[in-house]
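For reference, coords-v5.cif is printed below; it contains mmCIF, C-alpha atoms.
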```cif
data_coords
loop_
_atom_site.label_atom_id
_atom_site.label_comp_id
_atom_site.auth_asym_id
_atom_site.auth_seq_id
_atom_site.Cartn_x
_atom_site.Cartn_y
_atom_site.Cartn_z
CA MET A 22 -0.48 -85.84 177.44
CA ARG A 23 0.63 -85.37 173.87
CA GLN A 24 3.71 -83.49 172.81
CA ILE A 25 3.77 -81.46 169.61
CA ASN A 26 6.79 -79.63 168.33
CA VAL A 27 5.78 -76.27 166.91
CA GLU A 28 7.97 -77.03 163.88
CA GLN A 29 5.12 -79.31 162.73
CA ILE A 30 2.70 -76.43 163.05
CA LYS A 31 4.99 -74.15 161.06
CA LYS A 32 5.32 -76.64 158.20
CA ALA A 33 1.60 -77.42 158.12
CA VAL A 34 0.70 -73.72 158.02
CA GLU A 35 3.18 -73.05 155.21
CA SER A 36 1.54 -75.57 152.86
CA ALA A 37 -1.96 -74.71 154.01
CA VAL A 38 -1.76 -70.99 153.22
CA ILE A 39 -0.63 -71.74 149.69
CA GLU A 40 -3.41 -74.24 149.16
CA ALA A 41 -6.01 -71.96 150.72
CA ASN A 42 -5.06 -69.19 148.29
CA THR A 43 -5.02 -71.32 145.16
CA ASN A 44 -7.76 -73.92 145.59
CA LEU A 45 -11.30 -72.67 146.03
CA PRO A 46 -13.07 -74.66 148.79
CA GLU A 47 -15.38 -77.27 147.32
CA ASP A 48 -18.48 -76.03 149.14
CA VAL A 49 -18.01 -72.51 147.78
CA ARG A 50 -17.41 -73.79 144.26
CA ALA A 51 -20.56 -75.93 144.43
CA ALA A 52 -22.61 -72.98 145.67
CA LEU A 53 -21.33 -70.78 142.82
CA GLN A 54 -22.17 -73.54 140.33
CA THR A 55 -25.71 -73.80 141.70
CA ALA A 56 -26.06 -70.01 141.58
CA LEU A 57 -25.03 -70.06 137.93
CA THR A 58 -27.81 -72.50 137.04
CA LYS A 59 -30.38 -70.23 138.65
CA GLU A 60 -29.09 -66.76 137.71
CA THR A 61 -31.34 -64.99 135.20
CA SER A 62 -29.35 -61.76 134.64
CA ALA A 63 -26.85 -61.64 131.78
CA SER A 64 -24.17 -59.79 133.74
CA GLY A 65 -24.64 -62.10 136.73
CA SER A 66 -24.25 -65.22 134.62
CA ARG A 67 -21.24 -63.84 132.79
CA CYS A 68 -19.47 -62.88 136.02
CA LEU A 69 -20.26 -66.24 137.67
CA GLN A 70 -18.80 -68.01 134.63
CA ILE A 71 -15.62 -65.97 134.90
CA ILE A 72 -15.42 -66.57 138.67
CA LEU A 73 -15.71 -70.34 138.17
CA GLU A 74 -13.22 -70.27 135.30
CA ASN A 75 -10.92 -68.28 137.58
CA ALA A 76 -11.04 -71.08 140.15
CA GLN A 77 -10.02 -73.61 137.47
CA ILE A 78 -7.18 -71.41 136.21
CA ALA A 79 -5.93 -70.74 139.75
CA GLU A 80 -5.75 -74.46 140.48
CA GLN A 81 -4.10 -75.26 137.10
CA ASP A 82 -1.61 -72.42 137.08
CA LYS A 83 -1.00 -72.61 140.85
CA MET A 84 -1.77 -68.91 141.07
CA ALA A 85 -3.68 -67.11 143.79
CA LEU A 86 -7.44 -67.02 143.18
CA CYS A 87 -7.41 -63.31 143.99
CA GLN A 88 -4.51 -60.86 144.16
CA ASP A 89 -5.70 -59.89 147.64
CA THR A 90 -4.23 -62.85 149.45
CA GLY A 91 -5.38 -61.17 152.60
CA MET A 92 -4.26 -60.81 156.15
CA VAL A 93 -4.46 -64.31 157.58
CA VAL A 94 -6.91 -65.08 160.38
CA ALA A 95 -5.98 -68.22 162.30
CA HIS A 96 -8.50 -69.94 164.55
CA ILE A 97 -6.69 -72.50 166.68
CA GLU A 98 -8.42 -75.12 168.80
CA LEU A 99 -5.83 -76.43 171.23
CA GLY A 100 -6.46 -79.49 173.37
CA GLN A 101 -5.65 -79.08 177.06
CA GLU A 102 -3.63 -82.32 176.99
CA VAL A 103 -1.29 -80.97 174.32
CA HIS A 104 2.19 -79.93 175.42
CA LEU A 105 3.79 -77.63 172.90
CA VAL A 106 7.59 -77.67 172.62
CA GLY A 107 10.20 -76.05 170.41
CA GLY A 108 8.94 -72.50 170.61
CA GLU A 109 5.85 -70.35 170.85
CA ILE A 110 2.79 -71.32 168.86
CA GLU A 111 2.10 -67.82 167.51
CA ASN A 112 5.66 -67.50 166.23
CA ALA A 113 5.35 -70.86 164.52
CA VAL A 114 2.09 -69.85 162.83
CA ASN A 115 3.60 -66.55 161.67
CA GLN A 116 6.74 -68.25 160.41
CA GLY A 117 4.60 -70.71 158.46
CA ILE A 118 2.74 -67.82 156.88
CA ARG A 119 6.01 -66.01 156.13
CA ASP A 120 7.39 -69.12 154.39
CA GLY A 121 4.16 -69.91 152.55
CA TYR A 122 3.62 -66.41 151.22
CA ARG A 123 7.18 -66.35 149.96
CA ARG A 124 7.20 -69.82 148.41
CA GLY A 125 3.71 -69.39 146.93
CA TYR A 126 4.40 -65.96 145.37
CA LEU A 127 1.48 -64.55 147.32
CA ARG A 128 1.01 -60.84 147.92
CA LYS A 129 2.41 -59.24 151.08
CA SER A 130 -0.42 -57.06 152.26
CA VAL A 131 0.28 -56.30 155.92
CA VAL A 132 1.57 -52.99 157.31
CA SER A 133 3.28 -52.88 160.68
CA ASP A 134 1.34 -49.92 162.03
CA PRO A 135 -2.07 -48.53 161.06
CA PHE A 136 -0.73 -44.95 161.14
CA THR A 137 2.76 -45.18 159.58
CA ARG A 138 1.72 -47.99 157.21
CA ILE A 139 5.07 -49.54 156.26
CA ASN A 140 4.65 -52.96 154.66
CA THR A 141 6.08 -55.74 156.84
CA GLY A 142 7.20 -57.45 153.61
CA ASP A 143 6.15 -60.95 154.64
CA ASN A 144 2.39 -60.85 155.25
CA THR A 145 2.78 -61.26 158.98
CA PRO A 146 1.60 -60.99 161.63
CA ALA A 147 -1.61 -62.91 161.33
CA VAL A 148 -4.60 -62.31 163.58
CA ILE A 149 -4.56 -65.36 165.81
CA HIS A 150 -7.37 -66.64 168.02
CA ILE A 151 -6.60 -69.56 170.31
CA HIS A 152 -9.34 -71.51 172.02
CA MET A 153 -8.66 -74.23 174.55
CA MET A 154 -10.68 -77.41 174.43
CA ALA A 155 -10.64 -80.80 176.09
CA GLY A 156 -8.40 -83.58 174.81
CA GLU A 157 -5.28 -83.94 172.72
CA GLY A 158 -6.36 -82.38 169.46
CA LEU A 159 -4.83 -79.43 167.63
CA ARG A 160 -6.89 -77.91 164.86
CA ILE A 161 -5.87 -74.84 162.89
CA VAL A 162 -8.30 -73.14 160.56
CA LEU A 163 -6.72 -70.53 158.30
CA LEU A 164 -8.75 -67.86 156.59
CA PRO A 165 -6.77 -65.52 154.30
CA LYS A 166 -9.17 -62.61 154.50
CA GLY A 167 -9.09 -59.87 151.87
CA ALA A 168 -9.87 -56.23 152.61
CA GLY A 169 -12.63 -55.80 150.03
CA SER A 170 -14.97 -57.91 152.09
CA GLU A 171 -13.47 -57.13 155.49
CA ASN A 172 -13.91 -53.38 155.04
CA MET A 173 -17.65 -53.79 154.50
CA GLY A 174 -18.35 -55.44 157.85
CA GLN A 175 -20.07 -53.51 160.65
CA LEU A 176 -20.95 -53.92 164.30
CA ALA A 177 -23.70 -52.35 166.38
CA MET A 178 -24.56 -52.38 170.06
CA LEU A 179 -28.33 -52.47 169.68
CA LYS A 180 -30.80 -51.91 172.49
CA PRO A 181 -32.54 -55.15 173.52
CA SER A 182 -35.83 -53.43 172.60
CA ALA A 183 -34.70 -53.47 168.95
CA GLY A 184 -35.23 -57.21 169.09
CA MET A 185 -34.98 -59.67 166.25
CA GLU A 186 -36.44 -57.11 163.83
CA GLY A 187 -33.61 -54.76 164.74
CA VAL A 188 -31.06 -57.47 164.06
CA LYS A 189 -32.63 -58.32 160.70
CA GLU A 190 -32.69 -54.64 159.71
CA PHE A 191 -29.02 -54.27 160.68
CA ILE A 192 -27.97 -57.26 158.59
CA LEU A 193 -29.77 -55.82 155.56
CA LYS A 194 -28.33 -52.35 156.20
CA VAL A 195 -24.78 -53.71 156.19
CA VAL A 196 -25.29 -55.68 152.98
CA ARG A 197 -27.07 -52.79 151.27
CA GLU A 198 -24.35 -50.28 152.18
CA ALA A 199 -21.65 -52.67 150.99
CA GLU A 200 -23.11 -52.74 147.47
CA GLY A 201 -20.63 -54.41 145.09
CA ASN A 202 -17.52 -53.72 147.16
CA PRO A 203 -17.24 -57.08 148.97
CA CYS A 204 -17.37 -58.91 145.59
CA PRO A 205 -20.79 -60.53 145.76
CA PRO A 206 -22.06 -63.17 145.81
CA ILE A 207 -21.12 -62.91 149.47
CA ILE A 208 -21.24 -65.12 152.51
CA VAL A 209 -22.82 -63.17 155.36
CA GLY A 210 -21.40 -64.01 158.77
CA VAL A 211 -23.50 -62.77 161.70
CA GLY A 212 -22.71 -62.80 165.40
CA VAL A 213 -25.45 -61.92 167.87
CA GLY A 214 -24.93 -61.67 171.61
CA GLY A 215 -21.86 -61.86 173.84
CA ASN A 216 -20.27 -58.45 174.04
CA MET A 217 -18.56 -56.19 171.47
CA GLU A 218 -15.58 -58.41 170.75
CA LYS A 219 -17.48 -61.69 171.13
CA ALA A 220 -20.08 -60.65 168.56
CA ALA A 221 -17.28 -59.79 166.13
CA LEU A 222 -15.56 -63.14 166.74
CA LEU A 223 -18.83 -65.00 166.21
CA ALA A 224 -19.43 -63.21 162.91
CA LYS A 225 -15.95 -64.10 161.61
CA HIS A 226 -16.31 -67.68 162.87
CA ALA A 227 -19.63 -67.96 161.04
CA LEU A 228 -17.75 -67.57 157.74
CA LEU A 229 -15.90 -70.83 158.42
CA ARG A 230 -19.07 -72.91 158.26
CA GLU A 231 -19.56 -75.00 155.12
CA VAL A 232 -21.86 -73.17 152.71
CA GLY A 233 -25.24 -74.89 152.70
CA ARG A 234 -24.94 -76.32 156.19
CA PRO A 235 -27.59 -74.64 158.31
CA ASN A 236 -27.34 -73.78 161.97
CA ALA A 237 -27.86 -76.80 164.23
CA GLN A 238 -30.56 -74.88 166.09
CA PRO A 239 -33.83 -75.02 164.07
CA ASP A 240 -34.99 -71.51 164.95
CA LEU A 241 -31.65 -70.03 163.87
CA ALA A 242 -31.63 -72.17 160.74
CA ALA A 243 -35.03 -70.70 159.85
CA LEU A 244 -33.73 -67.19 160.48
CA GLU A 245 -30.70 -67.89 158.26
CA GLU A 246 -32.93 -69.03 155.42
CA GLU A 247 -35.22 -66.04 155.83
CA MET A 248 -32.29 -63.62 155.80
CA LEU A 249 -30.71 -65.26 152.75
CA GLN A 250 -33.96 -64.67 150.89
CA LYS A 251 -34.18 -61.06 152.11
CA VAL A 252 -30.55 -60.38 151.20
CA ASN A 253 -31.07 -61.75 147.70
CA ASP A 254 -34.26 -59.67 147.42
CA LEU A 255 -32.00 -56.58 147.63
CA ARG A 256 -30.93 -57.59 144.11
CA ILE A 257 -27.45 -56.17 144.48
CA GLY A 258 -26.35 -59.10 142.35
CA VAL A 259 -23.00 -60.56 141.34
CA GLN A 260 -20.32 -57.85 141.52
CA GLY A 261 -23.06 -55.33 142.43
CA LEU A 262 -24.30 -55.27 138.85
CA GLY A 263 -27.82 -56.43 139.73
CA GLY A 264 -29.45 -59.83 139.52
CA ASP A 265 -30.68 -62.77 141.57
CA THR A 266 -27.55 -63.78 143.45
CA THR A 267 -26.29 -61.43 146.12
CA ALA A 268 -25.40 -63.99 148.78
CA LEU A 269 -24.57 -67.70 148.84
CA ALA A 270 -25.40 -68.08 152.54
CA VAL A 271 -26.22 -66.26 155.75
CA ASN A 272 -24.62 -67.95 158.76
CA ILE A 273 -25.67 -66.79 162.23
CA GLU A 274 -24.01 -67.62 165.54
CA THR A 275 -25.22 -66.55 168.95
CA TYR A 276 -23.92 -66.39 172.53
CA PRO A 277 -25.41 -65.45 175.89
CA THR A 278 -25.32 -61.72 176.55
CA HIS A 279 -25.87 -59.03 179.16
CA ILE A 280 -29.45 -58.12 180.19
CA ALA A 281 -28.91 -54.66 178.69
CA CYS A 282 -27.10 -55.71 175.50
CA LEU A 283 -27.96 -56.85 171.99
CA PRO A 284 -24.62 -56.74 170.18
CA VAL A 285 -24.72 -57.70 166.51
CA ALA A 286 -21.76 -57.98 164.16
CA VAL A 287 -21.84 -58.67 160.44
CA ASN A 288 -18.67 -59.85 158.72
CA LEU A 289 -18.81 -60.44 154.98
CA GLY A 290 -16.95 -63.06 152.97
CA CYS A 291 -16.46 -62.67 149.22
CA HIS A 292 -17.44 -65.04 146.40
CA SER A 293 -14.16 -66.88 146.89
CA THR A 294 -14.03 -66.97 150.69
CA ARG A 295 -10.89 -69.02 151.29
CA ARG A 296 -10.48 -71.29 154.28
CA ILE A 297 -8.57 -74.44 155.09
CA THR A 298 -8.48 -76.75 158.09
CA VAL A 299 -5.33 -78.43 159.35
CA ASP A 300 -5.57 -81.13 162.01
CA LEU A 301 -2.37 -82.13 163.74
CA MET B 30 -17.03 -55.94 121.01
CA LYS B 31 -15.33 -52.53 121.06
CA VAL B 32 -11.60 -52.41 121.83
CA ILE B 33 -10.23 -49.71 124.10
CA LYS B 34 -6.60 -48.76 123.56
CA ALA B 35 -4.60 -45.80 124.88
CA PRO B 36 -3.95 -43.05 124.05
CA LEU B 37 -7.60 -42.05 123.96
CA SER B 38 -9.15 -38.67 123.23
CA ARG B 39 -12.32 -37.36 124.80
CA GLU B 40 -14.15 -38.15 121.55
CA ASP B 41 -12.92 -41.76 121.62
CA ILE B 42 -14.80 -42.49 124.84
CA LEU B 43 -17.90 -40.33 124.50
CA GLU B 44 -19.75 -42.95 122.44
CA LEU B 45 -19.24 -45.76 124.96
CA LYS B 46 -22.37 -46.49 126.93
CA MET B 47 -23.01 -47.78 130.44
CA GLY B 48 -23.43 -51.56 130.40
CA GLU B 49 -21.43 -52.13 127.23
CA GLU B 50 -18.89 -54.96 127.31
CA VAL B 51 -15.47 -53.93 126.01
CA LEU B 52 -11.99 -55.39 125.62
CA VAL B 53 -8.96 -53.38 126.75
CA GLU B 54 -5.76 -53.71 124.75
CA GLY B 55 -2.31 -52.19 124.89
CA SER B 56 -0.73 -50.15 127.67
CA ILE B 57 -2.32 -49.51 131.04
CA TYR B 58 -0.76 -48.10 134.24
CA THR B 59 -1.41 -49.58 137.66
CA ALA B 60 -1.85 -47.48 140.77
CA ARG B 61 -3.72 -47.80 144.04
CA ASP B 62 -3.88 -46.14 147.45
CA ALA B 63 -0.25 -45.35 148.24
CA ALA B 64 0.74 -44.39 144.67
CA HIS B 65 -2.28 -42.13 144.32
CA LYS B 66 -1.36 -40.39 147.55
CA ARG B 67 2.13 -39.71 146.18
CA ILE B 68 0.80 -38.56 142.81
CA ALA B 69 -1.63 -36.17 144.54
CA GLU B 70 1.26 -34.81 146.60
CA ALA B 71 3.32 -34.31 143.44
CA ILE B 72 0.45 -32.41 141.82
CA ARG B 73 -0.01 -30.25 144.91
CA THR B 74 3.70 -29.40 145.14
CA GLY B 75 4.14 -28.86 141.40
CA GLN B 76 6.51 -31.78 140.88
CA ASP B 77 6.74 -34.08 137.86
CA LEU B 78 4.35 -37.00 137.87
CA PRO B 79 5.79 -40.51 137.44
CA PHE B 80 3.92 -40.73 134.12
CA ASP B 81 1.74 -38.41 132.05
CA PRO B 82 -1.87 -39.48 132.65
CA ASN B 83 -3.17 -37.58 129.62
CA GLY B 84 -5.15 -39.94 127.41
CA GLN B 85 -4.11 -42.93 129.48
CA ILE B 86 -5.73 -45.81 131.37
CA ILE B 87 -5.20 -46.54 135.07
CA TYR B 88 -6.00 -49.96 136.55
CA TYR B 89 -6.57 -50.08 140.29
CA VAL B 90 -4.66 -53.21 141.24
CA GLY B 91 -1.99 -54.50 143.62
CA PRO B 92 -0.83 -57.75 141.99
CA CYS B 93 0.80 -60.80 143.47
CA PRO B 94 4.51 -61.26 142.68
CA ALA B 95 5.18 -63.03 139.38
CA PRO B 96 5.90 -66.74 139.79
CA PRO B 97 8.94 -67.96 137.79
CA GLY B 98 8.28 -67.88 134.05
CA ARG B 99 5.22 -65.66 134.37
CA VAL B 100 4.74 -62.00 133.58
CA ILE B 101 2.72 -61.22 136.68
CA GLY B 102 0.90 -62.89 139.55
CA SER B 103 -2.80 -62.77 140.26
CA ALA B 104 -4.08 -59.32 139.24
CA GLY B 105 -7.76 -58.54 139.71
CA PRO B 106 -9.20 -55.08 140.47
CA THR B 107 -9.26 -53.50 143.91
CA THR B 108 -12.16 -51.45 145.29
CA SER B 109 -12.12 -48.18 143.33
CA GLY B 110 -13.91 -46.15 146.02
CA ARG B 111 -10.68 -45.81 147.98
CA MET B 112 -9.18 -43.81 145.09
CA ASP B 113 -12.17 -41.46 144.83
CA ALA B 114 -10.37 -38.77 146.81
CA TYR B 115 -7.63 -38.64 144.16
CA ALA B 116 -9.35 -39.46 140.88
CA PRO B 117 -10.72 -35.98 140.04
CA LEU B 118 -7.16 -34.54 140.20
CA LEU B 119 -5.98 -37.06 137.63
CA ILE B 120 -9.08 -36.75 135.44
CA LYS B 121 -8.43 -33.01 135.32
CA ARG B 122 -4.94 -33.88 134.01
CA GLY B 123 -6.42 -35.90 131.17
CA LEU B 124 -6.77 -39.39 132.66
CA ARG B 125 -9.20 -40.97 130.26
CA VAL B 126 -10.08 -44.42 131.61
CA MET B 127 -10.12 -45.99 135.07
CA ILE B 128 -10.50 -49.74 135.63
CA GLY B 129 -11.57 -51.09 139.02
CA LYS B 130 -14.61 -52.46 140.81
CA GLY B 131 -17.50 -50.94 142.73
CA SER B 132 -19.13 -47.56 142.53
CA ARG B 133 -17.56 -44.08 142.54
CA ASP B 134 -18.62 -40.94 144.37
CA GLU B 135 -20.30 -37.84 142.95
CA ALA B 136 -17.11 -35.78 142.68
CA VAL B 137 -15.54 -38.45 140.46
CA ILE B 138 -18.62 -38.77 138.26
CA GLU B 139 -18.83 -34.98 137.90
CA ALA B 140 -15.17 -34.80 136.87
CA MET B 141 -15.76 -37.63 134.37
CA GLN B 142 -18.57 -35.66 132.77
CA LYS B 143 -16.70 -32.37 132.85
CA TYR B 144 -13.40 -33.57 131.37
CA GLY B 145 -14.50 -36.70 129.50
CA ALA B 146 -13.51 -39.92 131.25
CA LEU B 147 -14.77 -43.47 131.46
CA TYR B 148 -14.93 -45.96 134.35
CA LEU B 149 -14.71 -49.66 133.55
CA ALA B 150 -15.40 -52.55 135.92
CA ALA B 151 -13.37 -55.75 135.74
CA VAL B 152 -14.54 -58.88 137.59
CA GLY B 153 -13.38 -58.60 141.19
CA GLY B 154 -11.69 -61.71 142.52
CA ALA B 155 -10.87 -63.08 139.07
CA GLY B 156 -7.16 -62.57 139.76
CA ALA B 157 -5.80 -65.64 138.00
CA TYR B 158 -8.17 -65.27 135.04
CA LEU B 159 -7.22 -61.61 134.49
CA ALA B 160 -3.50 -62.30 134.95
CA ARG B 161 -3.69 -64.40 131.78
CA LYS B 162 -4.73 -61.28 129.85
CA ILE B 163 -1.52 -59.46 130.87
CA VAL B 164 1.29 -60.08 128.39
CA ALA B 165 3.98 -57.76 129.79
CA ALA B 166 4.70 -55.82 132.96
CA GLU B 167 7.43 -53.36 133.98
CA ILE B 168 7.95 -51.12 137.01
CA VAL B 169 7.50 -47.43 136.28
CA ALA B 170 7.73 -45.88 139.75
CA TYR B 171 7.82 -46.46 143.51
CA PRO B 172 9.33 -50.00 143.61
CA GLU B 173 9.65 -49.61 147.37
CA LEU B 174 5.85 -49.78 147.59
CA GLY B 175 5.99 -53.47 146.64
CA PRO B 176 2.51 -54.50 145.46
CA GLU B 177 1.50 -50.83 145.38
CA ALA B 178 4.22 -49.81 142.90
CA ILE B 179 3.21 -48.18 139.62
CA LEU B 180 3.54 -50.69 136.79
CA LYS B 181 3.03 -50.35 133.07
CA LEU B 182 1.18 -53.40 131.78
CA GLU B 183 0.52 -54.62 128.25
CA VAL B 184 -2.86 -56.32 128.07
CA LYS B 185 -4.74 -58.24 125.39
CA ASP B 186 -8.46 -59.09 125.36
CA PHE B 187 -8.86 -57.78 128.92
CA PRO B 188 -12.65 -57.92 129.46
CA CYS B 189 -14.47 -55.07 131.20
CA ILE B 190 -17.92 -53.60 131.38
CA VAL B 191 -18.60 -49.85 131.09
CA ALA B 192 -19.74 -49.14 134.66
CA ILE B 193 -19.95 -45.34 134.45
CA ASP B 194 -19.91 -43.56 131.09
CA ALA B 195 -18.86 -40.00 130.27
CA GLN B 196 -22.47 -38.86 130.54
CA GLY B 197 -22.59 -39.96 134.18
CA ASN B 198 -24.80 -43.04 133.73
CA ASN B 199 -23.91 -45.37 136.59
CA ILE B 200 -24.54 -49.11 136.49
CA TYR B 201 -24.39 -49.27 140.28
CA ALA B 202 -27.09 -46.65 140.80
CA ARG B 203 -30.42 -48.46 140.97
#
```

Please re-express this file's structure in structure tokens.
Amino acid sequence: MRQINVEQIKKAVESAVIEANTNLPEDVRAALQTALTKETSASGSRCLQIILENAQIAEQDKMALCQDTGMVVAHIELGQEVHLVGGEIENAVNQGIRDGYRRGYLRKSVVSDPFTRINTGDNTPAVIHIHMMAGEGLRIVLLPKGAGSENMGQLAMLKPSAGMEGVKEFILKVVREAEGNPCPPIIVGVGVGGNMEKAALLAKHALLREVGRPNAQPDLAALEEEMLQKVNDLRIGVQGLGGDTTALAVNIETYPTHIACLPVAVNLGCHSTRRITVDL
Amino acid sequence: MKVIKAPLSREDILELKMGEEVLVEGSIYTARDAAHKRIAEAIRTGQDLPFDPNGQIIYYVGPCPAPPGRVIGSAGPTTSGRMDAYAPLLIKRGLRVMIGKGSRDEAVIEAMQKYGALYLAAVGGAGAYLARKIVAAEIVAYPELGPEAILKLEVKDFPCIVAIDAQGNNIYAR
């Protein structure tokens, strides 16, 4: 049994959200750098240069990479042996975000109700997913997710007869319809299986994977590589201006599903998909 | 590289061609979803607009708050498509240049051709980079909207590409 005071969680989240918004993850930066060496279009190269320069400036000036500092998604893996004290974990996470967005001069982009749309003024609440696991660990992954990319995601409840071809077509449809809006080059997160909400969760979770690390399952890894090629063959290009680089990666996650279901969700991440992991 | 500076006449922008790189200088107004909704309402009810759009430039952005000692926080473009419902109303009133990212719908492009307007794309996600091109910022209207308030910015060497010109040529249409 391990005791953790939620005050620790609050403090860790506060620093983490600032860092996530100002320091581009190394794997994304490396992928953008590689893309720049290969990009043959003038507009694509120019935009990639600016995007990489932006990452340097953000780190130097301690400014947000993008003005859309997003609505935070928190994936929490909580060990069953952990005993939380001092308050409720979701409140602690939200307080950490509140403090971090204030201290880091980050934009407050959350409205309290989808219909009346009054800004909450503090970028809370976050969307929080908590998963129990064995042991004493507590891992929090924070993903400040902007709306440009989030708005371009889609989900479909396909018929099983649509098969893998149907899934491939759907992935391409989503990317094609998104055009330049999600700020390509994108990371394509795909969830196949489960049910409606599980597919969506898988697709979002797929964005957390390090760019360039393929699926552990060889057949899915092959599918990811094939889809990355097909997505880039759409030639939407950096910022939708055409060119070789439309996506940095396609990450696919699957889950068992109902005999009559083939749910597929596609969630897009932008060229500066921001995520940070905190282990307590 | 051509410099774009308000106020601009129809003639000023007619010669600019899709795909051209330009630098924006001088005053630009910021407005996005909520501000556009209010402006459209003002037009519909015959009220005064918070600023005269005639000959002016609007930048679709909701910036981060300014850190101490800085003019503005991160300030890259937001997706222009969400303002498509409102843009023709403003173009009819003389709005000359829009800066954002992503394509526009047919009604916007038609209005651009009819009244003479230009659509420029700035690099989406380059919030910190573009903030450095902003030398002054003041609130013009709707402070209660927070990041969605209308600001007047002074910019220098603000790089854009002509995404849709006044003839309706669209860089996103391929």

Tell me which residues the PyMOL selection byres ((chain A and resi 24) around 12) grabs here, as a list in words. Met22, Arg23, Ile25, Asn26, Val27, Glu28, Gln29, Leu99, Gly100, Gln101, Glu102, Val103, His104, Leu105, Val106, Gly107, Glu157, Gly158, Leu159 and Leu301 of chain A

Tell me which of B:Tyr171, B:Met30, B:Ala140, B:Pro106 sits closest to B:Lys66, counting only C-alpha atoms. B:Tyr171

Between atom CA of A:Gln175 and atom CA of A:Phe136, what is the distance, to one decimal in Å?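 According to the coordinates, atom CA of A:Gln175 and atom CA of A:Phe136 are separated by 21.2 Å.
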
Selection result of the PyMOL selection byres ((chain A) within 9 of (chain B)) on this file, as a short mmCIF file (atom, residue, chain, number, x, y, z; two decimals) with C-alpha atoms, keeping the file's coordinate frame:
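Produced file selection26.cif, reproduced below:
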```
data_model
loop_
_atom_site.label_atom_id
_atom_site.label_comp_id
_atom_site.auth_asym_id
_atom_site.auth_seq_id
_atom_site.Cartn_x
_atom_site.Cartn_y
_atom_site.Cartn_z
CA SER A 64 -24.17 -59.79 133.74
CA CYS A 68 -19.47 -62.88 136.02
CA ILE A 71 -15.62 -65.97 134.90
CA ILE A 72 -15.42 -66.57 138.67
CA LEU A 73 -15.71 -70.34 138.17
CA GLU A 74 -13.22 -70.27 135.30
CA ASN A 75 -10.92 -68.28 137.58
CA ALA A 76 -11.04 -71.08 140.15
CA GLN A 77 -10.02 -73.61 137.47
CA ILE A 78 -7.18 -71.41 136.21
CA ALA A 79 -5.93 -70.74 139.75
CA ASP A 82 -1.61 -72.42 137.08
CA LYS A 83 -1.00 -72.61 140.85
CA MET A 84 -1.77 -68.91 141.07
CA ALA A 85 -3.68 -67.11 143.79
CA LEU A 86 -7.44 -67.02 143.18
CA CYS A 87 -7.41 -63.31 143.99
CA GLN A 88 -4.51 -60.86 144.16
CA ASP A 89 -5.70 -59.89 147.64
CA THR A 90 -4.23 -62.85 149.45
CA GLY A 125 3.71 -69.39 146.93
CA TYR A 126 4.40 -65.96 145.37
CA LEU A 127 1.48 -64.55 147.32
CA ARG A 128 1.01 -60.84 147.92
CA LYS A 129 2.41 -59.24 151.08
CA SER A 130 -0.42 -57.06 152.26
CA ILE A 139 5.07 -49.54 156.26
CA ASN A 140 4.65 -52.96 154.66
CA GLY A 142 7.20 -57.45 153.61
CA GLY A 169 -12.63 -55.80 150.03
CA GLU A 200 -23.11 -52.74 147.47
CA GLY A 201 -20.63 -54.41 145.09
CA ASN A 202 -17.52 -53.72 147.16
CA PRO A 203 -17.24 -57.08 148.97
CA CYS A 204 -17.37 -58.91 145.59
CA PRO A 205 -20.79 -60.53 145.76
CA ILE A 257 -27.45 -56.17 144.48
CA GLN A 260 -20.32 -57.85 141.52
CA GLY A 261 -23.06 -55.33 142.43
CA LEU A 262 -24.30 -55.27 138.85
CA GLY A 263 -27.82 -56.43 139.73
CA CYS A 291 -16.46 -62.67 149.22
CA HIS A 292 -17.44 -65.04 146.40
CA SER A 293 -14.16 -66.88 146.89
#
```

Go through the shown structure with the PyMOL selection byres ((chain A and resi 209-219) around 7) and write out the matching residues as an NGL selection string. :A and (207-208 or 220-225 or 227-228 or 270-278 or 283-290)

Nearest to A:Cys282 by atom-to-atom distance, counting all atoms listed in the file, from A:Thr145, A:Ser182, A:Ser62, A:Gln81: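 Residue with the minimum atom-to-atom distance to A:Cys282: A:Ser182.
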
With a distance cut-off of 7 Å and only C-alpha atoms, select the neighbouring residues of B:Lys162, excluding the residue or stretch itself and same-chain residues fewer than 2 positions from it, and output the selection as a ChimeraX atom specification. /B:159-160,164,184-187

Give me, please, the distance in Å between atom CA of A:Gly65 and atom CA of A:Arg50, quoted to one decimal.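 We find that atom CA of A:Gly65 and atom CA of A:Arg50 lie 15.7 Å from each other.
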
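Between B:Glu54 and the residues B:Gly98, B:Pro36, B:Ala178, B:Pro117, the shortest atom-to-atom distance, using only C-alpha atoms, involves B:Pro36.
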
Compare B:Ile120, B:Ala60, B:Leu182, B:Val169 by their minimum atom-to-atom distance to B:Pro79, counting all atoms listed in the file, and give me the closest one. B:Val169

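Interatomic distance, atom CA of A:Asp300 to atom CA of A:Val94: 16.2 Å.
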